[in-house]
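**Student:** What follows is a single structure, and I will ask about it in a moment.
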Amino acid sequence: MKAAQKAAFVVCTGFIDKRLIFEYPERLVNRFLCTLHKIAIFASIVHARSVLSVQISTIKNCIMKRVFVFQDFKSQKFWSIEVVGTDVTVNYGKLGTDGQTQVKNYATTEDAEKAANKLIAEKTKKGYVETAEETAREMKVEAKKYTLSYDEYENDVKLLDKILKDKHLSEYKQITIGCWDYEGDDCSALLQGLIENKDKFAQIEGLFWGDIEQEEQEISWIEQADLSPLLDSMPKLKDLKIKGTNNLRLGKTSRPELRSLEIISGGMPTEVVEDILASDFPNLEKLILYVGVEDYGFEGDIEIFRPLFSKERFPKLTYLGLVNSEEQDSIVEMFLESDILPQLETMDISAGTLKDEGAQLLLDNMDKIAHLKFINMRYNYLSKDMKKQLQNLPMKIDIAETEEADEYDGELWYYPMITE
């Protein structure tokens, strides 16, 4: 027997006594070694399959990892979700930070996946957009809100000074202007100061003007001014949102960069609508106007809005909202009679007095609305039966926040969401 075979036999069989080795013929040792080699190969295959099985199981258990980003005038946030086995891990926070992490365990992987999908649906409904993880990690905060607290106001702090002294101002692409006064004064002084420093705002792409909380001022108390000179100083402005319309003017000009315009009001003045109609917004994609009531600025003629329903006027508009109206059913008719409806993706008739009559018009004109992706009817006066019928519509709908009419002296009263 060769020395290597002897050694192998001793090592593999565990025999120590050398006399045993020489008692076996060489052919038996060779046969034994061959069998042992086959066993080793089989063991390696079993081990590899076991490792592979573990890896496959791990892959199956790691169902998903998805990252979402929310950006508006007030905040820039990320939210991510990861499912591993029965654990759902959520990480969220301000862009540019590590954020906070929460882990929740479920009974089964199916339950974990179901819970994750529900959370994702809730986030996307709120406006979160799915983004590559690497992209989200590199994104920076590009928005800030400037406002005065009551204590600052009492101590004669000026909002203009707070804005101009911000060393990061040049980094922001979106800014929000909050409360500038607690005694009902207009924004003229603030406007003039911003215009005099217009070079500091040339990079602005998003502006929310008048984001004042109810505790600070009712919307009907917000005193505005002619914003057109300020808008002229922001050549890159794409998104404009304004809250409060007392004395508001927008100017009559062309704004080809503007993509989104939203004006929140308890009563939309005719002059503001006329400014919009006399201006040129060739690339506007989203328009939302809050109609309101006569007691707070609206002059009562819903027909002033009809010219807005024009594909010639807004060739790229895909989202049109005429909301917060006492005549929401009539606005549904305007949509259905317009030539702009076929190009729309979203019909927004929320926050008003939408009743069964208006909703029935939608059901009766399915051929005209079937292409829509979303109809927003949140805050309404719909019956339970009508809401059940609307659930059969082919597009996504929001029919939450159903109100009950007030009865007084035998008469029913319906109120839009925002008035005073």
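Just so we're on the same page: first chain in the structure tokens is A, next is B, and so on; residues restart at 1 for each chain, and ligands are numbered from 1 in the order they show up.
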I want to know what sits within 10 Å of Asp232 (chain A), based on only C-alpha atoms, with residues of the same chain fewer than 5 positions away left out; could you give that as a PyMOL selection string?

**Tutor:** chain A and resi 195+198+202+227+237+251+253-255

**Student:** Would you put the residues from that selection into a file with N, CA and C atoms, as a PDB file, in the first residue's frame?

**Tutor:**
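Here's the written file again37.pdb:
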ATOM      1  N   ILE A 195     -39.257  92.859  -3.662  1.00  0.00           N
ATOM      2  CA  ILE A 195     -39.022  93.328  -5.031  1.00  0.00           C
ATOM      3  C   ILE A 195     -37.700  94.096  -5.123  1.00  0.00           C
ATOM      4  N   LYS A 198     -34.902  91.597  -5.543  1.00  0.00           N
ATOM      5  CA  LYS A 198     -35.380  90.552  -6.450  1.00  0.00           C
ATOM      6  C   LYS A 198     -34.283  89.604  -6.932  1.00  0.00           C
ATOM      7  N   ALA A 202     -34.380  85.044  -7.823  1.00  0.00           N
ATOM      8  CA  ALA A 202     -34.429  84.668  -9.245  1.00  0.00           C
ATOM      9  C   ALA A 202     -34.453  83.165  -9.454  1.00  0.00           C
ATOM     10  N   LEU A 227     -49.655  91.185  -6.648  1.00  0.00           N
ATOM     11  CA  LEU A 227     -48.461  90.348  -6.584  1.00  0.00           C
ATOM     12  C   LEU A 227     -47.689  90.313  -7.898  1.00  0.00           C
ATOM     13  N   LEU A 237     -40.444  80.690 -11.978  1.00  0.00           N
ATOM     14  CA  LEU A 237     -41.579  80.255 -11.170  1.00  0.00           C
ATOM     15  C   LEU A 237     -42.462  79.262 -11.932  1.00  0.00           C
ATOM     16  N   GLY A 251     -52.127  90.605 -12.137  1.00  0.00           N
ATOM     17  CA  GLY A 251     -51.631  91.202 -13.373  1.00  0.00           C
ATOM     18  C   GLY A 251     -52.178  90.460 -14.581  1.00  0.00           C
ATOM     19  N   THR A 253     -50.691  89.191 -17.907  1.00  0.00           N
ATOM     20  CA  THR A 253     -49.444  89.025 -18.649  1.00  0.00           C
ATOM     21  C   THR A 253     -49.279  87.556 -19.056  1.00  0.00           C
ATOM     22  N   SER A 254     -48.180  87.249 -19.695  1.00  0.00           N
ATOM     23  CA  SER A 254     -47.873  85.887 -20.098  1.00  0.00           C
ATOM     24  C   SER A 254     -46.883  85.275 -19.111  1.00  0.00           C
ATOM     25  N   ARG A 255     -47.194  84.084 -18.658  1.00  0.00           N
ATOM     26  CA  ARG A 255     -46.296  83.374 -17.750  1.00  0.00           C
ATOM     27  C   ARG A 255     -46.086  81.956 -18.290  1.00  0.00           C
TER      28      ARG A 255
END

**Student:** Give me the residues within 9 Å of Ser383 (chain A) as a PyMOL selection string, counting only C-alpha atoms and dropping any in the same chain fewer than 5 places off.

**Tutor:** chain A and resi 355-356+388+402

**Student:** Take the residues from that selection and put them in a file with C-alpha atoms, as a PDB file, in the first residue's frame.

**Tutor:**
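Okay, this is what ended up in result.pdb:
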ATOM      1  CA  LYS A 355     -75.295  66.673  -3.920  1.00  0.00           C
ATOM      2  CA  ASP A 356     -76.931  63.666  -5.549  1.00  0.00           C
ATOM      3  CA  LYS A 388     -72.573  53.281  -3.254  1.00  0.00           C
ATOM      4  CA  THR A 402     -69.817  63.651   3.744  1.00  0.00           C
TER       5      THR A 402
END

**Student:** Can you tell me which residues surround Glu299 (chain A) at a distance of at most 7 Å, considering only C-alpha atoms, apart from same-chain residues fewer than 4 positions away, and format the answer as a list in words?

**Tutor:**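 Once the adjacent positions are removed, what remains is Pro269, Thr270 and Glu294 of chain A.
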
**Student:** Can you pull out every residue from region 261-397 of chain A that DSSP, working from the backbone, puts in strand (DSSP E or B), and format the result as a list of chain:residue names?

**Tutor:**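 DSSP on the backbone gives strand (DSSP E or B) at A:Leu261, A:Glu262, A:Ile263, A:Ile264, A:Gly267, A:Asp280, A:Lys286, A:Leu287, A:Ile288, A:Leu289, A:Tyr290, A:Val291, A:Gly292, A:Tyr319, A:Leu320, A:Gly321, A:Leu322, A:Val323, A:Asn324, A:Ser325, A:Thr346, A:Met347, A:Asp348, A:Phe374, A:Ile375, A:Asn376, A:Asn380, A:Lys396, A:Ile397.
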
**Student:** Could you tell me which of A:Ile302, A:Leu277, A:Ile264, A:Ala136 comes closest to Ile222 (chain A) if we count only C-alpha atoms?

**Tutor:**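 So, comparing all the options, the nearest one is A:Ile264.
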
**Student:** Determine which residues of region 269-388 of chain A DSSP labels as helix (DSSP H, G or I) from the backbone of this structure, then write them out as a short mmCIF file (atom, residue, chain, number, x, y, z; two decimals) with N, CA and C atoms, in the first residue's frame.

**Tutor:**
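After the write, selection.cif holds the following:
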data_model
loop_
_atom_site.label_atom_id
_atom_site.label_comp_id
_atom_site.auth_asym_id
_atom_site.auth_seq_id
_atom_site.Cartn_x
_atom_site.Cartn_y
_atom_site.Cartn_z
N THR A 270 -64.19 88.73 -8.60
CA THR A 270 -64.26 88.72 -10.06
C THR A 270 -62.96 89.20 -10.68
N GLU A 271 -62.31 90.18 -10.05
CA GLU A 271 -61.08 90.76 -10.60
C GLU A 271 -59.97 89.72 -10.73
N VAL A 272 -59.91 88.79 -9.79
CA VAL A 272 -58.87 87.76 -9.85
C VAL A 272 -59.13 86.83 -11.03
N VAL A 273 -60.38 86.45 -11.22
CA VAL A 273 -60.74 85.60 -12.36
C VAL A 273 -60.44 86.31 -13.67
N GLU A 274 -60.73 87.60 -13.73
CA GLU A 274 -60.46 88.39 -14.94
C GLU A 274 -58.96 88.46 -15.22
N ASP A 275 -58.15 88.59 -14.18
CA ASP A 275 -56.69 88.59 -14.38
C ASP A 275 -56.23 87.28 -15.00
N ILE A 276 -56.78 86.17 -14.52
CA ILE A 276 -56.40 84.85 -15.06
C ILE A 276 -56.82 84.75 -16.52
N LEU A 277 -58.05 85.18 -16.82
CA LEU A 277 -58.56 85.09 -18.19
C LEU A 277 -57.80 85.99 -19.15
N ALA A 278 -57.27 87.10 -18.63
CA ALA A 278 -56.56 88.05 -19.48
C ALA A 278 -55.07 87.73 -19.60
N GLU A 294 -70.77 84.60 -1.33
CA GLU A 294 -70.93 86.04 -1.55
C GLU A 294 -70.51 86.87 -0.34
N ASP A 295 -70.79 86.38 0.86
CA ASP A 295 -70.48 87.16 2.06
C ASP A 295 -69.00 87.45 2.23
N TYR A 296 -68.16 86.68 1.53
CA TYR A 296 -66.71 86.84 1.72
C TYR A 296 -65.96 87.08 0.41
N ILE A 302 -71.74 82.42 -11.15
CA ILE A 302 -70.87 81.28 -11.43
C ILE A 302 -70.41 81.27 -12.88
N GLU A 303 -71.10 81.98 -13.74
CA GLU A 303 -70.78 81.99 -15.16
C GLU A 303 -69.44 82.66 -15.46
N ILE A 304 -68.91 83.44 -14.51
CA ILE A 304 -67.60 84.08 -14.76
C ILE A 304 -66.50 83.04 -14.93
N PHE A 305 -66.75 81.81 -14.46
CA PHE A 305 -65.74 80.77 -14.54
C PHE A 305 -65.82 79.96 -15.84
N ARG A 306 -66.91 80.06 -16.56
CA ARG A 306 -67.10 79.21 -17.73
C ARG A 306 -65.98 79.35 -18.76
N PRO A 307 -65.47 80.56 -19.03
CA PRO A 307 -64.39 80.67 -20.03
C PRO A 307 -63.11 79.91 -19.66
N LEU A 308 -62.98 79.52 -18.39
CA LEU A 308 -61.80 78.74 -17.98
C LEU A 308 -61.83 77.33 -18.56
N GLN A 328 -71.92 73.65 -6.63
CA GLN A 328 -71.03 72.60 -7.13
C GLN A 328 -71.70 71.72 -8.18
N ASP A 329 -73.02 71.52 -8.06
CA ASP A 329 -73.73 70.73 -9.06
C ASP A 329 -73.69 71.41 -10.43
N SER A 330 -73.80 72.74 -10.43
CA SER A 330 -73.73 73.49 -11.69
C SER A 330 -72.34 73.43 -12.30
N ILE A 331 -71.34 73.34 -11.45
CA ILE A 331 -69.96 73.24 -11.95
C ILE A 331 -69.75 71.89 -12.64
N VAL A 332 -70.40 70.84 -12.14
CA VAL A 332 -70.34 69.55 -12.83
C VAL A 332 -70.86 69.70 -14.25
N GLU A 333 -71.93 70.43 -14.41
CA GLU A 333 -72.48 70.67 -15.74
C GLU A 333 -71.47 71.38 -16.63
N MET A 334 -70.77 72.36 -16.08
CA MET A 334 -69.76 73.09 -16.86
C MET A 334 -68.69 72.15 -17.38
N PHE A 335 -68.25 71.24 -16.52
CA PHE A 335 -67.26 70.25 -16.95
C PHE A 335 -67.79 69.44 -18.13
N LEU A 336 -69.00 68.93 -17.97
CA LEU A 336 -69.57 68.04 -18.98
C LEU A 336 -69.84 68.74 -20.30
N GLU A 337 -70.09 70.05 -20.26
CA GLU A 337 -70.38 70.82 -21.47
C GLU A 337 -69.14 71.40 -22.13
N LEU A 341 -62.70 68.92 -21.24
CA LEU A 341 -62.85 67.68 -20.48
C LEU A 341 -62.08 66.50 -21.08
N PRO A 342 -62.10 66.29 -22.40
CA PRO A 342 -61.39 65.12 -22.96
C PRO A 342 -59.90 65.09 -22.68
N GLN A 343 -59.26 66.25 -22.44
CA GLN A 343 -57.82 66.24 -22.20
C GLN A 343 -57.47 66.15 -20.71
N ASP A 356 -76.61 64.80 -4.68
CA ASP A 356 -76.93 63.67 -5.55
C ASP A 356 -77.21 64.10 -6.99
N GLU A 357 -77.78 65.31 -7.15
CA GLU A 357 -78.09 65.79 -8.50
C GLU A 357 -76.83 65.92 -9.35
N GLY A 358 -75.77 66.48 -8.76
CA GLY A 358 -74.52 66.63 -9.49
C GLY A 358 -73.84 65.30 -9.75
N ALA A 359 -73.89 64.42 -8.75
CA ALA A 359 -73.28 63.10 -8.92
C ALA A 359 -74.01 62.28 -9.98
N GLN A 360 -75.32 62.44 -10.04
CA GLN A 360 -76.10 61.71 -11.04
C GLN A 360 -75.72 62.13 -12.45
N LEU A 361 -75.37 63.41 -12.62
CA LEU A 361 -74.90 63.88 -13.93
C LEU A 361 -73.66 63.11 -14.37
N LEU A 362 -72.79 62.81 -13.42
CA LEU A 362 -71.59 62.02 -13.75
C LEU A 362 -71.97 60.62 -14.20
N LEU A 363 -72.88 60.00 -13.46
CA LEU A 363 -73.31 58.65 -13.81
C LEU A 363 -74.02 58.60 -15.15
N ASP A 364 -74.73 59.68 -15.48
CA ASP A 364 -75.47 59.72 -16.74
C ASP A 364 -74.58 60.04 -17.94
N MET A 366 -71.27 58.79 -18.48
CA MET A 366 -70.09 57.95 -18.37
C MET A 366 -69.20 58.03 -19.61
N ASP A 367 -69.81 58.19 -20.77
CA ASP A 367 -69.01 58.25 -21.99
C ASP A 367 -68.09 59.45 -22.03
N LYS A 368 -68.45 60.50 -21.30
CA LYS A 368 -67.64 61.72 -21.29
C LYS A 368 -66.55 61.70 -20.23
N ILE A 369 -66.72 60.90 -19.19
CA ILE A 369 -65.78 60.94 -18.07
C ILE A 369 -64.96 59.66 -17.92
N LYS A 384 -76.08 58.00 1.07
CA LYS A 384 -75.38 56.72 1.14
C LYS A 384 -75.59 55.92 -0.13
N ASP A 385 -76.81 55.97 -0.66
CA ASP A 385 -77.09 55.23 -1.88
C ASP A 385 -76.28 55.75 -3.06
N MET A 386 -76.16 57.06 -3.16
CA MET A 386 -75.39 57.65 -4.26
C MET A 386 -73.91 57.30 -4.12
N LYS A 387 -73.40 57.34 -2.92
CA LYS A 387 -71.99 56.99 -2.71
C LYS A 387 -71.74 55.54 -3.11
N LYS A 388 -72.71 54.68 -2.86
CA LYS A 388 -72.57 53.28 -3.25
C LYS A 388 -72.52 53.15 -4.77
#

**Student:** Report as a VMD selection string all protein, DNA and RNA residues lying within 9 Å of region 68-82 of chain A, evaluated on only C-alpha atoms, omitting residues in the same chain fewer than 5 positions from it.

**Tutor:** chain A and resid 62 to 63 87 to 96 99 116 119 to 120 123 to 124 126 to 133 136 to 137 140 to 145 174 to 176 206 to 208 241

**Student:** Nearest to Leu354 (chain A) among A:Gly321, A:Gly267, A:Gly300, A:Pro416, with distances taken over only C-alpha atoms: which residue is it?

**Tutor:**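 Closest to Leu354 (chain A), using only C-alpha atoms: A:Pro416.
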
**Student:** In Å, rounded to a single decimal, give me how far CA of Lys243 (chain A) is from CA of Asp181 (chain A).

**Tutor:**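 Computed distance, CA of Asp181 (chain A) to CA of Lys243 (chain A), equals 14.5 Å.
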